[in-house]
Each structure stands twice: as C-alpha cells, then as structure tokens.
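S.K.: Structure file final24.tsv, TSV, C-alpha atoms, is pasted below:
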```tsv
chain	number	residue	atom	x	y	z
A	134	MET	CA	0.00	0.00	0.00
A	135	ASN	CA	2.77	2.38	0.92
A	136	LEU	CA	4.65	1.44	-2.20
A	137	PHE	CA	1.50	2.06	-4.22
A	138	ARG	CA	1.02	5.52	-2.72
A	139	PHE	CA	4.63	6.36	-3.38
A	140	ALA	CA	4.43	5.16	-6.96
A	141	PHE	CA	1.18	7.06	-7.43
A	142	ALA	CA	2.74	10.26	-6.14
A	143	GLY	CA	5.69	9.73	-8.45
A	144	LEU	CA	3.47	9.17	-11.44
A	145	LEU	CA	1.40	12.22	-10.64
A	146	ALA	CA	4.54	14.12	-11.07
A	147	SER	CA	4.97	15.11	-14.54
A	148	ALA	CA	7.73	17.58	-14.03
A	149	ALA	CA	9.80	19.40	-11.12
A	150	THR	CA	12.29	20.50	-8.28
A	151	LEU	CA	15.49	19.20	-6.93
A	152	ALA	CA	15.69	17.36	-3.73
A	153	GLN	CA	19.33	17.88	-2.94
A	154	ALA	CA	19.89	19.89	-6.04
A	155	LYS	CA	17.75	23.00	-6.43
A	156	PRO	CA	14.11	23.34	-5.39
A	157	ILE	CA	13.48	25.43	-8.50
A	158	ALA	CA	14.91	24.33	-11.80
A	159	PHE	CA	14.02	27.11	-14.23
A	160	SER	CA	11.19	29.41	-15.20
A	161	HIS	CA	8.20	27.58	-16.75
A	162	GLY	CA	9.87	24.30	-15.95
A	163	THR	CA	8.35	21.28	-14.33
A	164	THR	CA	10.34	18.98	-12.07
A	165	VAL	CA	9.47	15.46	-11.04
A	166	MET	CA	11.61	13.83	-8.39
A	167	ALA	CA	11.62	10.56	-6.51
A	168	GLU	CA	14.05	9.63	-3.75
A	169	TYR	CA	14.63	6.45	-1.80
A	170	GLY	CA	16.58	7.16	1.36
A	171	ALA	CA	18.01	3.94	2.76
A	172	GLY	CA	14.65	2.63	3.91
A	173	THR	CA	14.28	5.52	6.34
A	174	MET	CA	12.71	8.07	4.03
A	175	THR	CA	10.98	7.90	0.69
A	176	GLU	CA	9.86	11.02	-1.11
A	177	ALA	CA	8.27	12.07	-4.37
A	178	GLN	CA	7.73	15.65	-5.52
A	179	VAL	CA	6.26	17.50	-8.45
A	180	PHE	CA	6.74	21.23	-8.90
A	181	TYR	CA	6.03	23.80	-11.56
A	182	ALA	CA	7.97	27.06	-11.63
A	183	PRO	CA	6.01	30.03	-13.02
A	184	LYS	CA	9.11	32.16	-12.30
A	185	TYR	CA	12.76	31.30	-11.90
A	186	PHE	CA	12.50	32.28	-8.23
A	187	LEU	CA	9.24	30.48	-7.39
A	188	SER	CA	7.89	26.97	-7.77
A	189	LEU	CA	4.62	25.47	-6.60
A	190	GLY	CA	3.64	21.87	-6.20
A	191	GLY	CA	3.45	19.06	-3.77
A	192	GLY	CA	4.89	15.85	-2.56
A	193	TYR	CA	4.62	12.70	-0.56
A	194	LEU	CA	7.09	11.86	2.19
A	195	GLU	CA	7.23	8.62	4.10
A	196	LEU	CA	9.42	8.36	7.16
A	197	GLU	CA	9.92	5.09	8.98
A	198	SER	CA	11.89	4.93	12.18
A	199	ASP	CA	14.65	2.36	12.14
A	200	ILE	CA	14.51	2.53	15.95
A	201	ASP	CA	10.89	1.61	16.75
A	202	HIS	CA	9.27	1.42	13.28
A	203	ARG	CA	6.89	4.34	13.82
A	204	ARG	CA	5.81	5.59	10.43
A	205	ARG	CA	4.68	8.94	9.03
A	206	GLU	CA	3.05	9.31	5.65
A	207	ILE	CA	2.96	13.00	4.81
A	208	THR	CA	1.25	14.48	1.77
A	209	TYR	CA	1.89	18.17	1.32
A	210	ALA	CA	1.51	21.20	-0.91
A	211	ARG	CA	4.51	23.50	-0.94
A	212	ALA	CA	5.89	26.74	-2.34
A	213	ASN	CA	9.64	27.08	-2.93
A	214	TYR	CA	11.21	30.52	-3.13
A	215	LEU	CA	14.68	31.56	-4.27
A	216	LEU	CA	15.63	34.12	-1.65
A	217	LYS	CA	19.00	35.05	-3.12
A	218	ARG	CA	21.21	34.00	-6.01
A	219	TRP	CA	24.79	34.95	-6.72
A	220	ASN	CA	25.83	34.43	-10.34
A	221	LYS	CA	29.59	34.62	-10.78
A	222	GLU	CA	31.69	33.95	-13.86
A	223	ASP	CA	32.50	30.38	-12.83
A	224	SER	CA	30.13	29.68	-9.97
A	225	GLN	CA	26.65	30.06	-8.65
A	226	ALA	CA	25.30	30.15	-5.09
A	227	ASN	CA	21.70	30.11	-3.93
A	228	VAL	CA	19.56	30.46	-0.86
A	229	PHE	CA	16.17	28.75	-1.09
A	230	VAL	CA	13.37	28.68	1.45
A	231	TRP	CA	10.06	26.81	1.35
A	232	GLY	CA	6.89	26.31	3.27
A	233	GLY	CA	3.80	24.21	2.95
A	234	ALA	CA	1.06	22.26	4.64
A	235	GLY	CA	-0.70	18.96	4.31
A	236	GLU	CA	-1.82	15.86	6.07
A	237	ALA	CA	0.17	13.24	7.94
A	238	TYR	CA	-0.73	9.71	8.91
A	239	VAL	CA	0.71	8.84	12.34
A	240	SER	CA	1.07	5.09	12.64
A	241	GLU	CA	1.28	4.72	16.41
A	242	LEU	CA	-2.00	6.65	16.83
A	243	ASP	CA	-3.58	5.38	13.64
A	244	GLN	CA	-4.60	8.99	13.00
A	245	HIS	CA	-4.39	11.59	10.27
A	246	GLN	CA	-3.25	15.02	11.42
A	247	PHE	CA	-2.64	18.42	9.90
A	248	ALA	CA	1.08	18.84	9.18
A	249	GLY	CA	3.23	21.87	8.37
A	250	ASN	CA	6.52	21.99	6.51
A	251	VAL	CA	9.27	24.61	6.34
A	252	GLY	CA	12.81	24.37	5.10
A	253	ALA	CA	15.83	26.08	3.64
A	254	GLN	CA	18.80	25.27	1.45
A	255	LEU	CA	22.11	26.97	0.81
A	256	ASP	CA	24.18	25.70	-2.09
A	257	TYR	CA	27.32	26.61	-3.98
A	258	GLU	CA	28.62	25.06	-7.16
A	259	THR	CA	31.19	25.37	-9.86
A	260	ARG	CA	31.63	22.85	-12.65
A	261	ARG	CA	33.98	20.86	-10.46
A	262	ILE	CA	32.73	21.21	-6.89
A	263	TYR	CA	29.32	21.23	-5.27
A	264	ALA	CA	28.25	21.86	-1.69
A	265	SER	CA	24.83	22.18	-0.14
A	266	VAL	CA	23.25	22.23	3.28
A	267	ARG	CA	19.56	21.66	3.60
A	268	THR	CA	17.12	21.53	6.49
A	269	ASP	CA	13.56	20.31	6.14
A	270	LEU	CA	11.12	20.35	9.07
A	271	HIS	CA	7.83	18.44	9.11
A	272	ARG	CA	5.64	19.00	12.13
A	273	ALA	CA	2.24	17.85	13.40
A	274	ASP	CA	0.65	17.51	16.85
A	275	ALA	CA	2.12	14.05	17.23
A	276	PHE	CA	5.62	14.63	15.86
A	277	SER	CA	8.34	17.02	14.83
A	278	HIS	CA	10.94	15.68	12.41
A	279	ARG	CA	13.78	17.67	10.96
A	280	ILE	CA	15.90	16.22	8.18
A	281	ASP	CA	19.26	17.93	7.84
A	282	THR	CA	21.33	17.04	4.80
A	283	LEU	CA	24.87	17.98	3.84
A	284	GLN	CA	26.23	17.17	0.40
A	285	LEU	CA	29.76	17.66	-0.88
A	286	GLY	CA	30.43	16.78	-4.49
A	287	ILE	CA	33.37	16.67	-6.83
A	288	ALA	CA	33.32	16.21	-10.60
A	289	PRO	CA	36.20	14.36	-12.27
A	290	TYR	CA	35.83	16.58	-15.35
A	291	LYS	CA	33.94	19.69	-16.40
A	292	HIS	CA	30.76	18.81	-18.19
A	293	ASP	CA	29.14	21.07	-20.75
A	294	PHE	CA	25.59	21.77	-21.76
A	295	ASP	CA	25.13	18.75	-24.01
A	296	SER	CA	27.48	16.34	-22.30
A	297	LEU	CA	27.03	13.90	-19.46
A	298	ALA	CA	27.85	15.28	-16.03
A	299	THR	CA	29.42	12.91	-13.52
A	300	TRP	CA	29.69	13.69	-9.85
A	301	PHE	CA	30.91	11.84	-6.78
A	302	VAL	CA	28.93	13.01	-3.78
A	303	LEU	CA	29.39	12.47	-0.07
A	304	GLN	CA	26.12	12.87	1.81
A	305	GLY	CA	25.54	13.18	5.54
A	306	ARG	CA	22.01	13.18	6.88
A	307	GLN	CA	20.52	13.48	10.34
A	308	TYR	CA	16.91	12.92	11.39
A	309	SER	CA	15.39	14.32	14.56
A	310	GLY	CA	12.42	12.91	16.44
A	311	GLY	CA	13.47	9.28	16.73
A	312	ILE	CA	13.69	8.34	13.06
A	313	HIS	CA	17.37	7.45	13.01
A	314	ASP	CA	20.19	7.58	15.53
A	315	GLY	CA	23.32	9.48	14.53
A	316	THR	CA	24.42	10.63	11.11
A	317	GLU	CA	23.61	8.54	8.07
A	318	TRP	CA	26.51	8.80	5.63
A	319	ALA	CA	26.28	7.81	1.99
A	320	LEU	CA	28.56	7.82	-1.04
A	321	LEU	CA	26.72	8.60	-4.26
A	322	LEU	CA	27.38	8.57	-7.97
A	323	ARG	CA	25.39	11.34	-9.67
A	324	LEU	CA	24.84	11.51	-13.43
A	325	PHE	CA	22.87	14.07	-15.35
A	326	LYS	CA	22.46	15.27	-18.87
A	327	ARG	CA	20.15	18.05	-19.92
A	328	GLY	CA	16.86	17.36	-18.13
A	329	ALA	CA	17.52	13.92	-16.70
A	330	TRP	CA	19.24	13.23	-13.40
A	331	VAL	CA	19.95	9.97	-11.58
A	332	GLU	CA	22.04	9.27	-8.53
A	333	ALA	CA	22.61	6.18	-6.48
A	334	GLY	CA	24.91	4.91	-3.80
A	335	VAL	CA	25.14	3.16	-0.49
A	336	THR	CA	25.05	4.30	3.09
A	337	GLY	CA	27.62	3.35	5.69
A	338	GLU	CA	25.23	0.60	6.74
A	339	GLY	CA	25.16	-0.80	3.21
A	340	LYS	CA	21.66	0.44	2.37
A	341	LEU	CA	20.58	1.85	-0.97
A	342	GLN	CA	20.30	5.62	-1.37
A	343	ALA	CA	18.93	6.71	-4.75
A	344	MET	CA	17.22	9.56	-6.52
A	345	ALA	CA	15.88	10.24	-9.99
A	346	MET	CA	14.69	13.55	-11.34
A	347	VAL	CA	13.42	14.97	-14.60
A	348	ASN	CA	13.11	18.61	-15.65
A	349	PHE	CA	11.06	19.69	-18.62
B	246	MET	CA	38.78	43.78	-17.86
B	247	LYS	CA	37.45	40.45	-19.13
B	248	LYS	CA	34.11	42.10	-19.80
B	249	LEU	CA	35.76	44.89	-21.81
B	250	SER	CA	37.78	42.36	-23.80
B	251	PHE	CA	34.67	40.40	-24.60
B	252	ILE	CA	32.76	43.48	-25.78
B	253	ALA	CA	35.71	44.71	-27.86
B	254	PHE	CA	36.09	41.30	-29.45
B	255	ALA	CA	32.40	41.08	-30.18
B	256	LEU	CA	32.25	44.55	-31.70
B	257	PHE	CA	35.25	43.76	-33.88
B	258	ILE	CA	33.89	40.56	-35.35
B	259	GLY	CA	30.30	41.68	-35.43
B	260	ALA	CA	30.70	44.97	-37.23
B	261	ALA	CA	29.01	43.88	-40.42
B	262	ASN	CA	26.67	41.21	-39.33
B	263	ALA	CA	23.20	40.20	-38.33
B	264	GLY	CA	21.64	36.84	-37.62
B	265	THR	CA	23.77	35.65	-34.73
B	266	ILE	CA	23.67	37.10	-31.26
B	267	GLU	CA	26.30	36.07	-28.74
B	268	MET	CA	25.85	36.68	-25.04
B	269	LYS	CA	28.28	36.28	-22.21
B	270	VAL	CA	26.38	34.94	-19.22
B	271	TYR	CA	27.41	34.50	-15.59
B	272	GLY	CA	26.17	31.63	-13.43
B	273	LEU	CA	26.31	28.99	-16.17
B	274	VAL	CA	27.71	26.09	-14.19
B	275	CYS	CA	25.15	23.32	-14.61
B	276	GLY	CA	23.67	21.99	-17.84
B	277	PHE	CA	20.72	20.57	-15.92
B	278	CYS	CA	19.78	24.04	-14.74
B	279	ALA	CA	20.79	26.00	-17.83
B	280	GLN	CA	18.35	24.15	-20.06
B	281	GLY	CA	15.77	26.78	-19.04
B	282	ILE	CA	17.72	29.34	-21.07
B	283	GLU	CA	17.46	27.31	-24.25
B	284	LYS	CA	13.80	26.59	-23.62
B	285	THR	CA	13.01	30.27	-23.07
B	286	LEU	CA	14.94	31.53	-26.09
B	287	ARG	CA	13.43	28.92	-28.42
B	288	LYS	CA	10.00	30.22	-27.54
B	289	ASN	CA	10.83	33.53	-29.21
B	290	PRO	CA	9.42	33.47	-32.78
B	291	ALA	CA	12.56	35.21	-34.07
B	292	THR	CA	14.81	32.41	-32.81
B	293	ALA	CA	16.08	29.89	-35.35
B	294	ASP	CA	18.62	28.06	-33.20
B	295	VAL	CA	20.39	28.24	-29.85
B	296	VAL	CA	23.82	27.15	-28.63
B	297	VAL	CA	24.83	27.13	-24.96
B	298	SER	CA	28.41	26.61	-23.80
B	299	LEU	CA	29.15	26.39	-20.09
B	300	GLU	CA	32.89	26.39	-20.83
B	301	HIS	CA	32.73	29.73	-22.63
B	302	LYS	CA	29.87	31.21	-20.57
B	303	LEU	CA	28.28	31.66	-23.95
B	304	VAL	CA	24.68	31.70	-25.11
B	305	ALA	CA	24.38	32.17	-28.88
B	306	VAL	CA	21.14	32.70	-30.75
B	307	ALA	CA	20.63	32.51	-34.52
B	308	THR	CA	17.70	34.62	-35.61
B	309	ARG	CA	15.44	33.97	-38.57
B	310	ASP	CA	16.04	35.88	-41.79
B	311	GLY	CA	15.23	39.56	-41.43
B	312	GLN	CA	14.45	39.27	-37.75
B	313	ASP	CA	16.19	40.40	-34.61
B	314	ILE	CA	15.69	40.21	-30.88
B	315	SER	CA	16.31	43.40	-28.96
B	316	ASP	CA	18.97	43.56	-26.27
B	317	ALA	CA	16.25	44.36	-23.76
B	318	ASP	CA	14.29	41.23	-24.69
B	319	LEU	CA	17.42	39.08	-24.59
B	320	THR	CA	18.45	40.45	-21.21
B	321	LYS	CA	14.94	39.88	-19.89
B	322	ALA	CA	14.90	36.31	-21.19
B	323	LEU	CA	18.20	35.50	-19.49
B	324	THR	CA	17.38	37.37	-16.30
B	325	ASP	CA	13.99	35.67	-16.10
B	326	SER	CA	15.84	32.37	-16.43
B	327	GLY	CA	17.89	33.29	-13.36
B	328	TYR	CA	21.19	34.29	-14.97
B	329	ASP	CA	23.18	37.52	-15.40
B	330	VAL	CA	24.00	38.83	-18.87
B	331	LYS	CA	27.42	40.49	-19.02
B	332	GLY	CA	27.63	41.28	-22.72
B	333	ILE	CA	25.60	41.07	-25.94
B	334	ALA	CA	27.07	41.20	-29.41
B	335	ARG	CA	25.83	40.62	-32.94
B	336	THR	CA	28.43	38.65	-34.83
B	337	GLN	CA	29.14	37.14	-38.24
B	338	ARG	CA	29.78	33.65	-36.99
B	339	SER	CA	27.07	31.14	-37.80
B	340	LEU	CA	25.95	28.75	-35.09
B	341	ASP	CA	27.56	25.94	-37.09
B	342	ASP	CA	30.85	27.86	-36.89
B	343	ILE	CA	30.40	28.28	-33.16
B	344	ARG	CA	29.59	24.59	-32.69
B	345	ALA	CA	32.65	23.63	-34.73
B	346	GLU	CA	34.83	25.91	-32.63
B	347	LEU	CA	33.41	24.50	-29.42
B	348	ASP	CA	34.04	20.97	-30.68
B	349	ARG	CA	37.64	21.88	-31.55
B	350	ASP	CA	38.15	23.28	-28.06
B	351	LYS	CA	36.98	20.01	-26.53
B	352	LYS	CA	39.69	18.05	-28.34
```
Could you render the structure as structure tokens?

M.R.:
Amino acid sequence: MNLFRFAFAGLLASAATLAQAKPIAFSHGTTVMAEYGAGTMTEAQVFYAPKYFLSLGGGYLELESDIDHRRREITYARANYLLKRWNKEDSQANVFVWGGAGEAYVSELDQHQFAGNVGAQLDYETRRIYASVRTDLHRADAFSHRIDTLQLGIAPYKHDFDSLATWFVLQGRQYSGGIHDGTEWALLLRLFKRGAWVEAGVTGEGKLQAMAMVNF
Amino acid sequence: MKKLSFIAFALFIGAANAGTIEMKVYGLVCGFCAQGIEKTLRKNPATADVVVSLEHKLVAVATRDGQDISDADLTKALTDSGYDVKGIARTQRSLDDIRAELDRDKK
C-alpha cells in the first residue's frame, strides 16, 4: 500500500524540483523527483515554476523509524522561493526557502493530522565542486521531524551543456524525532544530462540511497 | 577587464553582421539548470537556433532571416531564467561555426 502511494505520487509528477539539487529548476519548468533514502525516508515531488525564483507543487514523504518502526506518511503542498542567487563567472550560489502544509498519517496513533513543513537550502557550485546544506522540518501535533542534509560533491571533469555530467557526492544526513540515531553517511554517484538526473549509492550501513529527477 | 575584452572582441567581429547574437552569461555552471535558457529563447518566434556553452559562458542565438531580438528582450529572457548577462554582441559567426569551434576546443 505504501509502495503504491509512493508510486502514485511519483506518477502524478509530470515535471519538477530538486531534492538535494535546487528546489526550483528554471522558469516555466516542471520537475518530477523521486528519492529512496536507505529505507528511512521515501519522497516524491512535483513542482512547476512560473518564475525562476518560485515553484509550486506538492509531494509525498514517508518516514519510517529504524529505531521503533513508527511511520509517518505525509502528503503536502509546498511553495519554494529563491531568496537570493549569486551568479559569478565560474560559480553560482543560492539560498532557497520553502513552506507548505498537508496531512500526515501517524502510525502509532492510527490517525491523520494536519502537518506543516518549512525548510531552507544553501548551495554553492562550480563545474567541479558542489556543496549544499539543507534543512527540512515536518511537524504535526504528534511529531516534529527535521531532516538535515549535507552534500559535498566533486566532478572528475567539467561537463558542458550537451554532455554527461558525472559527480561523486558524499552525503551526511541526520533525522530528529526518533527516526534514526546518529548521522547517516552515503557515497553517491550522480549523473545528469540536460533534463535527466539519476544518482545512487550506499550508506555506511550498506543500504541503498537513490534519486531520480526529470526537468522539462 | 574580461568584460571589456569580450565586448571589444564582439564589436570587432560583429561589425558587419546580423543573424547571430552572442551573449556572455554568468552563473552557467550546470547543464541541468541552464536548459531553461534554451527553452526560453526557443519560444521567441525570431529564434532559429540556440547554442549554450558552459565552458565559454556563452549563449548564442541565430535569428530567422530579417528578424532580430532586442537587447532588452534578450536580457529579460536571461534574467527571467535566473542568470546575469554580461555582454551582448551581434556577430558574423554562424551557429555551425560556433559549434565547430566548441568541438575543436573540446579536443
């Protein structure tokens, strides 16, 4: 059932945002993203950007505690906003913020509750290095979970507009609210070309971490 | 200084020409993100073709015969895509020439 809901949310997406990339791809662009986070989190998002600094859409997030197996199934609508961008000759940096609301299923209470979501991301990239920090808070009466993600990436070569980009990314992620103890580290291989993006790797515990995204 | 060099170069080679517009653009670091530029420019009815080079911070547009796109419209298109335009020049190079030059640079 959960898998079905996740697949449904992913299919609903017909275009979108970037999970650990950028929450807004480009003006009049649609982003569809799906992420599998080592069995702890699963997320699908679809966003449309009417402006380069704003995207609107929604998503589905499932969190499952690897401590006591409590589960949250959160469906949300969200607005992403580019607060500040620095365009330099060989680099770009961004500050994004977002906020939204939706409904969360709380497994231990067998209840659906109103849930809010806020977050922010700071990123910096050249054609050879990439760094981002991201915080994403989901809150309801029964829970408060913050997902903090750090990514550091290095590209073995400089890609160009029509060529395949290859990145090696180190990811560190922490969950608050009893989802996961400690920092979950993962090594990822990221590939993208034009509007298609895939990345996959393993966590320190040997679990799969993967994401796919399409922009159009 | 780089900006001045670019403009001087563009004015020199573009003195007698129409049909190709070359723009120097800052913030072009990711092909995944820069595709919005191509998409936006191709929507303009005067656009015949578009070339984007991250290596050269270059966005080049070939316009249809007898048509042009104003600097203001080009700047707006790039700004609305989230990038900064640092120079615009009309040149004699065709987009095929530019592609060939970019290919040579890759080798």

S.K.: If you count all atoms listed in the file, which residues fall within 9 Å of segment 342-347 of chain B, apart from same-chain ones fewer than 2 positions away, as an MDAnalysis selection string?

M.R.: chainID B and resid 296 298 300:301 305 338:340 349:351

S.K.: Using all atoms listed in the file, find the one residue out of B:Leu286, B:Ala291, B:Ile333, B:Cys275 that sits nearest to chain A.

M.R.: B:Cys275

S.K.: Measure the distance from atom CA of His271 of chain A to atom CA of Glu176 of chain A in Å and round it to one decimal.

M.R.: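 That distance, rounded to one decimal, is 12.8 Å.
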
S.K.: Find the residues of chain B that sit at most 8 Å from chain A; for each, write down the nearest two atoms and how far apart they are in Å, to one decimal. Count only C-alpha atoms. Sort by chain, then by number going up, and give it as a tab-separated table.

M.R.:
```
residue	atom	partner	partner_atom	distance
B:Val270	CA	A:Glu222	CA	7.6
B:Tyr271	CA	A:Glu222	CA	4.6
B:Gly272	CA	A:Asn220	CA	4.2
B:Leu273	CA	A:Asp223	CA	7.2
B:Val274	CA	A:Arg260	CA	5.3
B:Cys275	CA	A:Arg260	CA	6.8
B:Gly276	CA	A:Phe294	CA	4.4
B:Phe277	CA	A:Arg327	CA	4.8
B:Cys278	CA	A:Ala158	CA	5.7
B:Ala279	CA	A:Phe294	CA	7.5
B:Gln280	CA	A:Arg327	CA	6.4
B:Gly281	CA	A:Phe159	CA	5.1
B:Val297	CA	A:Phe294	CA	6.3
B:Ser298	CA	A:Phe294	CA	6.0
B:Leu299	CA	A:Asp293	CA	5.4
B:Glu300	CA	A:Asp293	CA	6.5
B:Lys302	CA	A:Glu222	CA	7.5
B:Asp325	CA	A:Tyr185	CA	6.2
B:Ser326	CA	A:Tyr185	CA	5.6
B:Gly327	CA	A:Tyr185	CA	5.7
B:Tyr328	CA	A:Asn220	CA	6.6
B:Asp329	CA	A:Asn220	CA	6.5
```

S.K.: So which residues touch Arg203 of chain A within 7 Å, counting all atoms listed in the file, skipping near sequence neighbours fewer than 4 positions away, as a PyMOL selection string?

M.R.: chain A and resi 197-198+240-241

S.K.: Can you measure atom CA of Leu319 of chain B to atom CA of Pro183 of chain A for me? One decimal in Å is fine.

M.R.: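 So the two atoms, atom CA of Leu319 of chain B and atom CA of Pro183 of chain A, lie 18.6 Å apart.
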
S.K.: Might you pull out every residue within 9 Å of Ala264 of chain A, with only C-alpha atoms counted and same-chain residues fewer than 3 positions away left off, and present them as a count of residues only?

M.R.: 9

S.K.: Reconstruct N, CA and C atoms of segment 263-278 of chain B; output as a PDB file, in the coordinates of the input.

M.R.:
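In the end it all went to result35.pdb:
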```
ATOM      1  N   ALA B 263      24.457  40.401 -39.036  1.00  0.00           N
ATOM      2  CA  ALA B 263      23.200  40.200 -38.330  1.00  0.00           C
ATOM      3  C   ALA B 263      22.938  38.714 -38.347  1.00  0.00           C
ATOM      4  N   GLY B 264      22.016  38.251 -37.565  1.00  0.00           N
ATOM      5  CA  GLY B 264      21.640  36.840 -37.620  1.00  0.00           C
ATOM      6  C   GLY B 264      22.144  36.027 -36.471  1.00  0.00           C
ATOM      7  N   THR B 265      23.283  36.380 -35.906  1.00  0.00           N
ATOM      8  CA  THR B 265      23.770  35.650 -34.730  1.00  0.00           C
ATOM      9  C   THR B 265      24.019  36.622 -33.588  1.00  0.00           C
ATOM     10  N   ILE B 266      23.491  36.267 -32.448  1.00  0.00           N
ATOM     11  CA  ILE B 266      23.670  37.100 -31.260  1.00  0.00           C
ATOM     12  C   ILE B 266      24.405  36.259 -30.223  1.00  0.00           C
ATOM     13  N   GLU B 267      25.516  36.801 -29.737  1.00  0.00           N
ATOM     14  CA  GLU B 267      26.300  36.070 -28.740  1.00  0.00           C
ATOM     15  C   GLU B 267      26.243  36.825 -27.409  1.00  0.00           C
ATOM     16  N   MET B 268      25.955  36.074 -26.367  1.00  0.00           N
ATOM     17  CA  MET B 268      25.850  36.680 -25.040  1.00  0.00           C
ATOM     18  C   MET B 268      26.801  36.011 -24.065  1.00  0.00           C
ATOM     19  N   LYS B 269      27.478  36.822 -23.299  1.00  0.00           N
ATOM     20  CA  LYS B 269      28.280  36.280 -22.210  1.00  0.00           C
ATOM     21  C   LYS B 269      27.412  36.277 -20.957  1.00  0.00           C
ATOM     22  N   VAL B 270      27.332  35.115 -20.318  1.00  0.00           N
ATOM     23  CA  VAL B 270      26.380  34.940 -19.220  1.00  0.00           C
ATOM     24  C   VAL B 270      27.093  34.379 -17.988  1.00  0.00           C
ATOM     25  N   TYR B 271      26.834  34.980 -16.853  1.00  0.00           N
ATOM     26  CA  TYR B 271      27.410  34.500 -15.590  1.00  0.00           C
ATOM     27  C   TYR B 271      26.427  33.560 -14.885  1.00  0.00           C
ATOM     28  N   GLY B 272      26.986  32.583 -14.192  1.00  0.00           N
ATOM     29  CA  GLY B 272      26.170  31.630 -13.430  1.00  0.00           C
ATOM     30  C   GLY B 272      25.930  30.335 -14.168  1.00  0.00           C
ATOM     31  N   LEU B 273      26.510  30.210 -15.371  1.00  0.00           N
ATOM     32  CA  LEU B 273      26.310  28.990 -16.170  1.00  0.00           C
ATOM     33  C   LEU B 273      27.267  27.902 -15.688  1.00  0.00           C
ATOM     34  N   VAL B 274      26.836  27.126 -14.726  1.00  0.00           N
ATOM     35  CA  VAL B 274      27.710  26.090 -14.190  1.00  0.00           C
ATOM     36  C   VAL B 274      27.104  24.694 -14.287  1.00  0.00           C
ATOM     37  N   CYS B 275      25.827  24.615 -14.648  1.00  0.00           N
ATOM     38  CA  CYS B 275      25.150  23.320 -14.610  1.00  0.00           C
ATOM     39  C   CYS B 275      24.212  23.180 -15.807  1.00  0.00           C
ATOM     40  N   GLY B 276      24.494  22.187 -16.654  1.00  0.00           N
ATOM     41  CA  GLY B 276      23.670  21.990 -17.840  1.00  0.00           C
ATOM     42  C   GLY B 276      22.224  21.665 -17.490  1.00  0.00           C
ATOM     43  N   PHE B 277      22.054  20.951 -16.378  1.00  0.00           N
ATOM     44  CA  PHE B 277      20.720  20.570 -15.920  1.00  0.00           C
ATOM     45  C   PHE B 277      19.866  21.810 -15.658  1.00  0.00           C
ATOM     46  N   CYS B 278      20.513  22.819 -15.099  1.00  0.00           N
ATOM     47  CA  CYS B 278      19.780  24.040 -14.740  1.00  0.00           C
ATOM     48  C   CYS B 278      19.698  25.011 -15.917  1.00  0.00           C
TER      49      CYS B 278
END
```
